[in-house]
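Engineer: I'd like to ask some things about the structure below.
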There are 4 protein chains.
Amino acid sequence: MTQDFSSDNIASIAPEILAAIAQANAGTAHSYGDDEWTHRLTRLAQDVFECDLAIYPVATGTAANALALAAMTPAHGGVYCHQTAHIEKDECGAPEFFTGGAKLLALPGAGGKITVAGIAPLFGEAMARGIHQVRPSAISISQATEWGTVYARDEIAALAEFGRGKLLHLHMDGARFANALVYQNCTPAQATWQAGVDVLSFGATKNGALAAEAVVFFDLDLAAEFEYRRKRAGQLLSKMRFFSAQLVAYLENELWLRHAAHANRLAQRLAEGLLALGVALTQPVQANEIFPVFPEPLIAALLAEGFGFYRWPPPEGVAGSVVRLVTSWNQTLADVDGMLAAVARNLRAAA
Amino acid sequence: MTQDFSSDNIASIAPEILAAIAQANAGTAHSYGDDEWTHRLTRLAQDVFECDLAIYPVATGTAANALALAAMTPAHGGVYCHQTAHIEKDECGAPEFFTGGAKLLALPGAGGKITVAGIAPLFGEAMARGIHQVRPSAISISQATEWGTVYARDEIAALAEFGRGKLLHLHMDGARFANALVYQNCTPAQATWQAGVDVLSFGATKNGALAAEAVVFFDLDLAAEFEYRRKRAGQLLSKMRFFSAQLVAYLENELWLRHAAHANRLAQRLAEGLLALGVALTQPVQANEIFPVFPEPLIAALLAEGFGFYRWPPPEGVAGSVVRLVTSWNQTLADVDGMLAAVARNLRAAA
Amino acid sequence: MTQDFSSDNIASIAPEILAAIAQANAGTAHSYGDDEWTHRLTRLAQDVFECDLAIYPVATGTAANALALAAMTPAHGGVYCHQTAHIEKDECGAPEFFTGGAKLLALPGAGGKITVAGIAPLFGEAMARGIHQVRPSAISISQATEWGTVYARDEIAALAEFGRGKLLHLHMDGARFANALVYQNCTPAQATWQAGVDVLSFGATKNGALAAEAVVFFDLDLAAEFEYRRKRAGQLLSKMRFFSAQLVAYLENELWLRHAAHANRLAQRLAEGLLALGVALTQPVQANEIFPVFPEPLIAALLAEGFGFYRWPPPEGVAGSVVRLVTSWNQTLADVDGMLAAVARNLRAAA
Amino acid sequence: MTQDFSSDNIASIAPEILAAIAQANAGTAHSYGDDEWTHRLTRLAQDVFECDLAIYPVATGTAANALALAAMTPAHGGVYCHQTAHIEKDECGAPEFFTGGAKLLALPGAGGKITVAGIAPLFGEAMARGIHQVRPSAISISQATEWGTVYARDEIAALAEFGRGKLLHLHMDGARFANALVYQNCTPAQATWQAGVDVLSFGATKNGALAAEAVVFFDLDLAAEFEYRRKRAGQLLSKMRFFSAQLVAYLENELWLRHAAHANRLAQRLAEGLLALGVALTQPVQANEIFPVFPEPLIAALLAEGFGFYRWPPPEGVAGSVVRLVTSWNQTLADVDGMLAAVARNLRAAA
């Protein structure tokens with residue numbers, strides 16, 4: 001039983017994924033990706049996404065994002081993203097580093113989403129001013145967003161459409177792609193390349209892997225020479241089979257979707273429970289993150305009881321203390337109910 | 001039984017290390033290194049190296065080297081290394097990337113080693129010419145070298161001594177540090193900081209880990225803000241415990257030394273067997289790599305029989321075809337004897 | 001007579017400066033700065049600023065800023081600056097490029113100024129969140145600001161004081177430093193290092209030079225190895241004497257101050273004239289830039305008459321069309337009066 | 001009269017070029033290159049090179065080279081060049097910096113020249129080894145070379161031909177392009193794009209300008225977005241007219257060719273005079289640099305008499321002390337004869 005709702009990256013490795021590592025651990029295998037698990041991963045990903053694509057495992061989500069962006073923007077380019085985006089707020093400048101100094105062009109937007117309405121005037125101004133500012137070269141969206149919301153397919157398609165003909169590629173940071181997909185209730189293809197996504201950072205670590213993320217190119221032109229990029233970034237794992245095996249196990253038998261569906265269900269239950277207790281939520285709950293407003297005494301009491309979570313900067317217009325609660329594949333209904341009971345108990349005590 | 005002598009990175013994960021991962025897989029743990037395995041790793045490394053130090057796990061050896069160098073040299077700096085060094089020949093420009101464009105100053109040297117005699121005139125010229133060339137800022141040695149030889153402690157100490165007072169730090173690429181250490185027959189402390197090494201890339205992957213390397217700082221000043229560097233390089237593993245656990249298992253109970261000693265013994269047996277068959281070796285065999293001269297028909301025959309190895313560019317002055325044979329912790333005497341028998345059989349057939 | 005108020009970089013070369021170039025053009029001189037004009041420049045700058053300092057000429061203001069910042073922040077660092085700062089809006093990512101990917105941390109602030117009140121909470125959050133975001137390493141202010149205002153000495157001192165002990169150096173982008181200094185009515189020393197400025201981008205091009213900017217280090221520790229940086233940035237002019245000679249002529253006989261005082265006076269006259277005509281100014285006029293609100297018909301009429309100026313994004317809370325008018329050393333009272341007459345005529349016609 | 005043969009960058013500004021600056025100094029002009037001199041420069045360069053092309057003035061030769069290479073190679077790329085190339089030995093890592101960490105792949109070659117015979121095996125090995133080393137992306141030749149020799153047109157064409165279809169662009173560092181062209185006795189077109197050159201660093205500073213170099217793109221695809229690159233590199237001169245005016249004056253009335261022809265003639269006279277005195281030359285004299293072997297007493301005597309020159313690392317196989325003598329447009333026959341007389345006198349004294 002875990003009382004820790006601080007993140008989904010505190011979770012353990014799913015048994016199926018650990019078993020896959022053990023299974024791949026038979027005898028020798030060619031290094032650097034020329035192995036059967038890596039080949040199988042590519043075929044599997046092509047099946048799952050129903051298209052030709054190139055998939056490159058890397059060790060971290062930050063590397064996946066930064067490498068993806070480096071393949072999409074020149075060093076003199078700019079990347080539109082939300083002010084709260086992981087690439088903007090949580091990667092210590094990795095995108096700037098990997099791109100050789102490209103600039104993140106962060107903008108606000110409700111629910112952690114950026115829109116054509118937000119980007120269009122900025123893009124117009126940038127092109128009008130020309131070489132005095134960076135050349136906008138990509139749009140990066142987080143799916144699910146940092147506020148736990150999910151872009152609808154037509155919202156994505158509108159961004160892709162805007163970018164078309166403007167040398168503006170579309171990147172999706174899918175650290176929680178599975179959670180978003182389950183919510184969207186569509187196919188992986190519909191959620192990505194059919195909506196206009198060029199490159200996807202495909203995350204598995206938060207959803208059950210040991211350490212396995214991948215850069216997925218739907219636009220194969222952008223993948224040209226990507227293997228050089230990955231190598232020089234120190235992201236070409238020598239014993240690649242053990243990373244590919246994780247991703248294979250993740251995709252096989254819909255493990256990824258089952259995990260995400262479970263985490264999302266827990267989040268829904270938590271959200272409903274909190275609402276029933278009169279707690280306000282600052283964002284719609286669409287994936288596995290919840291951002292309630294908690295009274296300070298409640299925060300103190302929960303932390304004192306051993307619950308884990310982070311305070312979060314409130315969205316514009318919200319007064320009060322906001323916290324983030326993240327559910328994950330290896331939590332249980334009991335974990336959620338334990339949290340709800342503690343909230344109820346403490347709110348009652350304060351009333 | 002394996003006939004593959006192409007590299008030690010084709011080997012599997014040692015059972016002890018896989019068990020450690022499984023053992024670490026209990027419940028939740030704080031992410032990004034604030035976990036008990038990572039704390040334990042630091043204490044353990046301090047014990048093993050008998051000093052205060054900072055140790056930072058990363059996912060690949062290329063990342064370890066490039067991050068280490070980035071902490072040791074400014075972007076306008078230069079790094080002396082051997083012409084065959086991994087950082088020069090095998091990392092696709094990662095050191096240049098991570099340092100922001102510092103220059104590798106590659107020089108020749110017998111047995112894959114660089115010497116004060118080789119560096120001194122270059123350093124003198126560089127300082128005399130001043131700002132028209134990069135500022136030499138570090139010396140990087142591979143231990144064991146790319147030719148399978150091992151720097152003696154006084155060779156290392158001489159390089160460190162040369163660098164002192166010249167703003168020339170000493171880096172050791174220890175992708176095969178264990179193999180070198182076993183050969184040296186001294187303590188880890190004697191082999192590193194006591195000889196003047198400032199930063200060590202400490203490799204475990206080739207010697208039994210899934211994927212675990214570490215940057216070890218003996219000079220703690222150089223470690224200042226290193227965690228920012230690692231993060232922005234996409235090398236801060238979110239589920240760090242599983243990387244630290246590998247390194248803990250690697251260091252505990254001298255697993256690393258037993259593995260290396262075994263691989264070295266196999267290399268010695270292979271070397272002696274080849275010499276007995278009249279095969280010339282181009283380098284002294286001191287770690288787990290052998291570089292014999294093989295007649296072309298022998299190469300063809302061995303490959304046809306399913307043996308695995310790479311051709312290697314001959315060292316200066318050597319005629320004939322050179323190949324590289326690498327032994328590893330999970331090979332057996334029978335593997336080596338199988339190779340020797342095949343060599344003997346094919347040489348006889350050709351005679 | 002010029003009707004062009006679009007910028008001060010459209011102006012010609014001051015006769016004194018062109019004469020200095022011609023005068024330096026006698027015979028041969030050592031290249032790369034080992035010449036008498038460059039040595040003289042250093043002594044002169046030390047006199048003017050009344051301190052030991054290092055001064056390095058470069059060809060552009062963007063280079064001066066980007067090189068200065070690269071000497072002040074690591075690649076994993078961040079630089080606080082105003083949202084309208086030249087480094088943020090007008091240098092096409094040069095600071096990110098020269099620093100190796102450091103991040104500009106742009107914040108709002110009235111009159112184009114940043115304040116301790118604005119920075120302190122951001123800094124607190126950054127240090128609390130640690131390595132997930134860049135390490136704030138510098139504060140950069142523009143003097144005069146992009147809104148034509150001038151930081152008071154105690155405003156600068158407050159920023160410097162805040163930075164002390166926090167590894168936060170203070171940079172001043174002095175592209176229009178002379179205009180600010182004249183307004184401040186204090187000594188160059190008081191306006192810079194005595195207020196806590198560590199590094200100054202000292203501009204001369206906008207105020208009469210052909211092309212001459214300089215990076216001035218008051219904190220000599222930060223200047224260590226700066227000459228390597230300048231060289232590798234392609235900013236070490238081979239015939240340096242002709243750049244140093246410009247700066248010498250600029251500083252000698254207070255040419256820089258006379259030019260700036262003249263331009264400021266013109267700006268004051270223009271501002272007073274516009275106010276008298278009922279035109280609103282969006283910013284106090286303290287240097288040589290004026291940001292009035294012009295009715296659209298007036299803008300059209302002035303442009304049609306051949307006047308030159310740019311539209312400018314309005315500051316928060318201002319409705320109507322804002323334009324920027326810049327006065328410069330080589331404009332005359334007649335130029336300003338011509339503009340005022342045209343404004344008056346067109347406003348009357350519209351009334 | 002000058003006794004200084006140390007470099008051609010110690011020379012003054014040619015009167016025609018200084019006059020052009022003065023002439024351009026009339027009234028205001030749009031900044032950043034939108035001025036009549038810059039437009040005229042483009043047309044003039046197109047005439048001179050008899051083709052469509054894009055030409056971008058910058059302030060230094062290092063910037064021209066590094067920016068040119070950055071437009072020709074990705075950050076994970078490599079550039080073949082001679083071991084003595086300016087980009088390799090004299091630019092403090094600028095190419096590595098501007099390209100984001102690409103690697104210079106320096107090779108030896110007689111007379112400072114690289115050849116297809118030298119590159120081909122390296123390229124073959126690089127492509128065979130794949131992503132473990134950088135992707136060779138460009139060939140850079142110096143014309144004239146650092147040894148004062150000149151590539152014949154068919155030597156250039158052979159390199160270009162080799163690169164075709166291999167993603168290997170051809171760059172020419174033309175810091176002394178005029179001197180080479182005069183020796184070649186062909187048209188600028190024949191010497192560059194007709195021989196397969198994609199991008200030329202066109203130097204004027206060493207041959208009479210104040211500070212004016214240009215990046216010339218014959219392959220216009222490579223020029224896409226180059227203006228962003230130049231801007232972010234701090235090389236977009238605000239008062240561009242004064243740089244373009246230099247280049248216009250340089251190209252007009254064949255000033256550049258007259259200067260180069262003069263310098264070359266002086267070099268020939270110096271070479272012939274030295275040979276007549278029994279002094280050995282280590283290289284054929286084809287442009288304006290001479291590399292004689294001087295006895296140590298002669299070196300000492302000449303330096304004592306006030307002559308200026310640098311010692312130079314001897315080419316392979318040469319014993320004795322080598323010096324470099326550079327002639328330039330503003331030296332005279334008397335200067336050369338003075339040097340010859342001093343050599344003769346001192347050799348006699350020593351005999």
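Every chain in the structure tokens takes a letter, A first, then B, and so on in the order presented; its residues are numbered from 1, and the ligands are numbered from 1 following the presented order.
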Could you list, as number ranges by chain, every residue of chain A that has an atom within 6 Å of an atom of chain D, counting only C-alpha atoms?

Structural biologist: A: 100, 131, 228

Engineer: Keeping only N, CA and C atoms, write the selected residues as a CSV table (one decimal), in the first residue's frame.

Structural biologist:
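Saved the output as result.csv:
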chain,number,residue,atom,x,y,z
A,100,GLY,N,21.6,23.0,-29.7
A,100,GLY,CA,22.6,23.9,-30.0
A,100,GLY,C,22.3,25.4,-29.7
A,131,ILE,N,15.2,38.2,-39.0
A,131,ILE,CA,16.3,37.6,-38.4
A,131,ILE,C,16.7,38.1,-37.1
A,228,TYR,N,23.1,9.2,-35.5
A,228,TYR,CA,24.3,10.0,-35.2
A,228,TYR,C,24.0,10.9,-34.0

Engineer: Using only C-alpha atoms, determine which residues lie at most 9 Å from Gln3 (chain A), disregarding the query and same-chain residues fewer than 2 positions distant; provide the list as a list in words.

Structural biologist: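 Within the cut-off, the hits are Met1, Phe5, Gly306, Phe307, Gly308, Gln331, Asp335, Val336, Gly338 and Met339 of chain A.
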
Engineer: Save the residues we just selected, all heavy atoms, as a tab-separated table (two decimals), in the first residue's frame?

Structural biologist:
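Dumped everything to result.tsv:
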chain	number	residue	atom	x	y	z
A	1	MET	N	0.85	-1.21	0.00
A	1	MET	CA	0.00	0.00	0.00
A	1	MET	C	0.87	1.25	0.00
A	1	MET	O	1.80	1.38	0.79
A	1	MET	CB	-0.89	0.00	1.26
A	1	MET	CG	-1.58	1.32	1.52
A	1	MET	SD	-3.21	1.06	2.24
A	1	MET	CE	-3.81	2.75	2.33
A	5	PHE	N	1.59	9.97	-3.55
A	5	PHE	CA	0.98	10.45	-4.79
A	5	PHE	C	1.85	11.54	-5.44
A	5	PHE	O	1.38	12.38	-6.20
A	5	PHE	CB	-0.43	11.02	-4.52
A	5	PHE	CG	-1.42	9.96	-4.11
A	5	PHE	CD1	-1.42	9.45	-2.81
A	5	PHE	CD2	-2.35	9.47	-5.01
A	5	PHE	CE1	-2.34	8.48	-2.42
A	5	PHE	CE2	-3.26	8.50	-4.63
A	5	PHE	CZ	-3.25	7.99	-3.33
A	306	GLY	N	1.93	11.03	6.49
A	306	GLY	CA	2.80	10.24	5.63
A	306	GLY	C	2.40	10.22	4.17
A	306	GLY	O	3.01	9.50	3.37
A	307	PHE	N	1.38	10.98	3.81
A	307	PHE	CA	1.04	11.04	2.39
A	307	PHE	C	2.08	11.87	1.64
A	307	PHE	O	2.67	12.80	2.20
A	307	PHE	CB	-0.36	11.65	2.20
A	307	PHE	CG	-1.45	10.70	2.59
A	307	PHE	CD1	-2.00	10.72	3.89
A	307	PHE	CD2	-1.91	9.74	1.69
A	307	PHE	CE1	-2.98	9.82	4.26
A	307	PHE	CE2	-2.90	8.84	2.06
A	307	PHE	CZ	-3.43	8.87	3.35
A	308	GLY	N	2.28	11.50	0.40
A	308	GLY	CA	3.28	12.19	-0.40
A	308	GLY	C	2.65	12.90	-1.59
A	308	GLY	O	1.82	12.30	-2.29
A	331	GLN	N	-0.65	1.58	-8.09
A	331	GLN	CA	-1.46	1.90	-6.93
A	331	GLN	C	-2.78	1.12	-7.00
A	331	GLN	O	-3.13	0.58	-8.06
A	331	GLN	CB	-1.74	3.40	-6.88
A	331	GLN	CG	-0.52	4.20	-6.44
A	331	GLN	CD	-0.82	5.68	-6.40
A	331	GLN	OE1	-1.32	6.23	-7.36
A	331	GLN	NE2	-0.50	6.31	-5.28
A	335	ASP	N	-5.44	2.41	-2.04
A	335	ASP	CA	-4.55	3.58	-1.88
A	335	ASP	C	-5.35	4.88	-2.05
A	335	ASP	O	-5.21	5.82	-1.27
A	335	ASP	CB	-3.43	3.55	-2.92
A	335	ASP	CG	-2.45	2.41	-2.68
A	335	ASP	OD1	-2.29	1.99	-1.52
A	335	ASP	OD2	-1.84	1.95	-3.66
A	336	VAL	N	-6.15	4.88	-3.07
A	336	VAL	CA	-6.96	6.07	-3.33
A	336	VAL	C	-7.97	6.28	-2.19
A	336	VAL	O	-8.15	7.41	-1.69
A	336	VAL	CB	-7.68	5.94	-4.68
A	336	VAL	CG1	-8.77	7.01	-4.82
A	336	VAL	CG2	-6.67	6.06	-5.82
A	338	GLY	N	-7.74	5.31	0.75
A	338	GLY	CA	-7.01	5.73	1.94
A	338	GLY	C	-6.77	7.24	1.93
A	338	GLY	O	-6.92	7.92	2.95
A	339	MET	N	-6.40	7.73	0.80
A	339	MET	CA	-6.21	9.18	0.66
A	339	MET	C	-7.53	9.92	0.88
A	339	MET	O	-7.60	10.90	1.62
A	339	MET	CB	-5.64	9.47	-0.73
A	339	MET	CG	-5.72	10.92	-1.18
A	339	MET	SD	-4.74	12.12	-0.18
A	339	MET	CE	-3.19	12.14	-1.10

Engineer: I'd like the contact shell of Asn65 (chain D) - 9 Å cut-off, only C-alpha atoms, skipping same-chain residues fewer than 3 positions apart - returned as an NGL selection string.

Structural biologist: :D and (60-62 or 68-70 or 87 or 94-95 or 171-174 or 200-201 or 215)

Engineer: Taking only region 117-341 of chain D into account, list the residues labelled helix (DSSP H, G or I) by DSSP (computed from the backbone), as a ChimeraX atom specification.

Structural biologist: /D:117-132,153-163,177-184,188-191,193-195,205-207,220-223,226-232,241-276,296-304,333-341

Engineer: Contacts of Lys206 (chain B) at 10 Å or less, counting only C-alpha atoms, minus same-chain residues fewer than 4 places along, as a list in words?

Structural biologist: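 Answer for this query is Ser238 and Lys239 of chain A; Ser7, Asp8, Asn9, Ile10, Ala11, Ser12, Ile13, Gly61, Ala175, Arg176, Ala178, Leu210, Ala211, Ala212, Glu213, Ala260, Ser328 and Trp329 of chain B.
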
Engineer: Include N, CA and C atoms and write out the residues we just selected as a CSV table (one decimal), in the first residue's frame.

Structural biologist:
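What follows is the written file selection.csv:
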chain,number,residue,atom,x,y,z
A,238,SER,N,24.6,0.5,-25.1
A,238,SER,CA,25.3,-0.6,-25.7
A,238,SER,C,24.5,-1.9,-25.6
A,239,LYS,N,24.0,-2.2,-24.5
A,239,LYS,CA,23.2,-3.4,-24.4
A,239,LYS,C,21.7,-3.0,-24.6
B,7,SER,N,33.1,-8.3,-28.6
B,7,SER,CA,33.2,-7.2,-27.6
B,7,SER,C,32.7,-7.8,-26.3
B,8,ASP,N,33.0,-7.0,-25.3
B,8,ASP,CA,32.4,-7.4,-24.0
B,8,ASP,C,31.0,-6.8,-23.7
B,9,ASN,N,30.6,-5.9,-24.7
B,9,ASN,CA,29.3,-5.4,-24.5
B,9,ASN,C,28.2,-6.2,-25.1
B,10,ILE,N,28.5,-7.4,-25.6
B,10,ILE,CA,27.5,-8.3,-26.1
B,10,ILE,C,27.1,-9.3,-25.0
B,11,ALA,N,27.8,-9.2,-23.9
B,11,ALA,CA,27.5,-10.1,-22.8
B,11,ALA,C,26.2,-9.8,-22.1
B,12,SER,N,25.7,-10.7,-21.3
B,12,SER,CA,24.4,-10.6,-20.7
B,12,SER,C,24.6,-9.8,-19.3
B,13,ILE,N,23.6,-9.8,-18.6
B,13,ILE,CA,23.6,-9.2,-17.2
B,13,ILE,C,24.0,-10.3,-16.2
B,61,GLY,N,28.6,4.8,-21.3
B,61,GLY,CA,30.0,5.2,-21.1
B,61,GLY,C,30.3,6.5,-21.9
B,175,ALA,N,36.2,2.6,-18.8
B,175,ALA,CA,35.2,1.6,-19.3
B,175,ALA,C,35.6,0.2,-19.0
B,176,ARG,N,36.9,-0.1,-18.9
B,176,ARG,CA,37.5,-1.4,-18.5
B,176,ARG,C,38.4,-1.2,-17.3
B,178,ALA,N,38.1,-2.1,-14.2
B,178,ALA,CA,38.2,-3.3,-13.4
B,178,ALA,C,39.3,-4.2,-14.0
B,210,LEU,N,23.6,-4.2,-16.6
B,210,LEU,CA,22.6,-4.0,-17.7
B,210,LEU,C,23.0,-2.7,-18.4
B,211,ALA,N,23.1,-1.7,-17.7
B,211,ALA,CA,23.5,-0.4,-18.2
B,211,ALA,C,23.8,0.5,-17.0
B,212,ALA,N,25.1,0.6,-16.7
B,212,ALA,CA,25.4,1.4,-15.5
B,212,ALA,C,26.9,1.8,-15.6
B,213,GLU,N,27.0,3.1,-15.7
B,213,GLU,CA,28.3,3.8,-15.7
B,213,GLU,C,28.3,4.9,-14.7
B,260,ALA,N,36.4,-9.3,-13.7
B,260,ALA,CA,37.6,-8.8,-14.4
B,260,ALA,C,38.7,-9.8,-14.4
B,328,SER,N,35.3,-11.9,-21.9
B,328,SER,CA,34.4,-11.2,-21.0
B,328,SER,C,34.1,-12.2,-19.8
B,329,TRP,N,33.5,-11.6,-18.8
B,329,TRP,CA,33.1,-12.3,-17.6
B,329,TRP,C,32.3,-13.5,-17.8

Engineer: Neighbours of Pro15 (chain B) within 10 Å (only C-alpha atoms; same-chain residues fewer than 3 positions away dropped), as a ChimeraX atom specification?

Structural biologist: /A:22,25 /B:12,18-21,208-209,249

Engineer: When DSSP works through the backbone of this structure, what residues of region 33-231 of chain A end up as strand (DSSP E or B), shown as a PyMOL selection string?

Structural biologist: chain A and resi 54-58+77-82+103-107+135-142+169-174+199-203+213-217

Engineer: One number please: CA of Leu107 (chain A) to CA of Thr282 (chain C), in Å, one decimal.

Structural biologist: 25.0 Å

Engineer: Write out as a PyMOL selection string which residues come within 12 Å of Leu168 (chain D) when counting only C-alpha atoms, dropping same-chain ones fewer than 5 positions away.

Structural biologist: chain D and resi 69+72-74+77-80+119-120+123+135-140+159-163+196-198

Engineer: Could you check how far CA of Trp312 (chain A) sits from CA of Arg324 (chain A), in Å to one decimal?

Structural biologist: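 Between these atoms lies a distance of 6.1 Å.
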
Engineer: So that I can check the surroundings of Pro313 (chain D), please list as an MDAnalysis selection string every protein, DNA and RNA residue that reaches within 8 Å of it, counting only C-alpha atoms and ignoring chain neighbours fewer than 2 positions away.

Structural biologist: chainID D and resid 311 315 322

Engineer: Counting only C-alpha atoms, figure out which residue out of C:Ala180, C:Ala223, C:Ala334, C:Ala341 gets nearest to Asn264 (chain C).

Structural biologist: C:Ala180
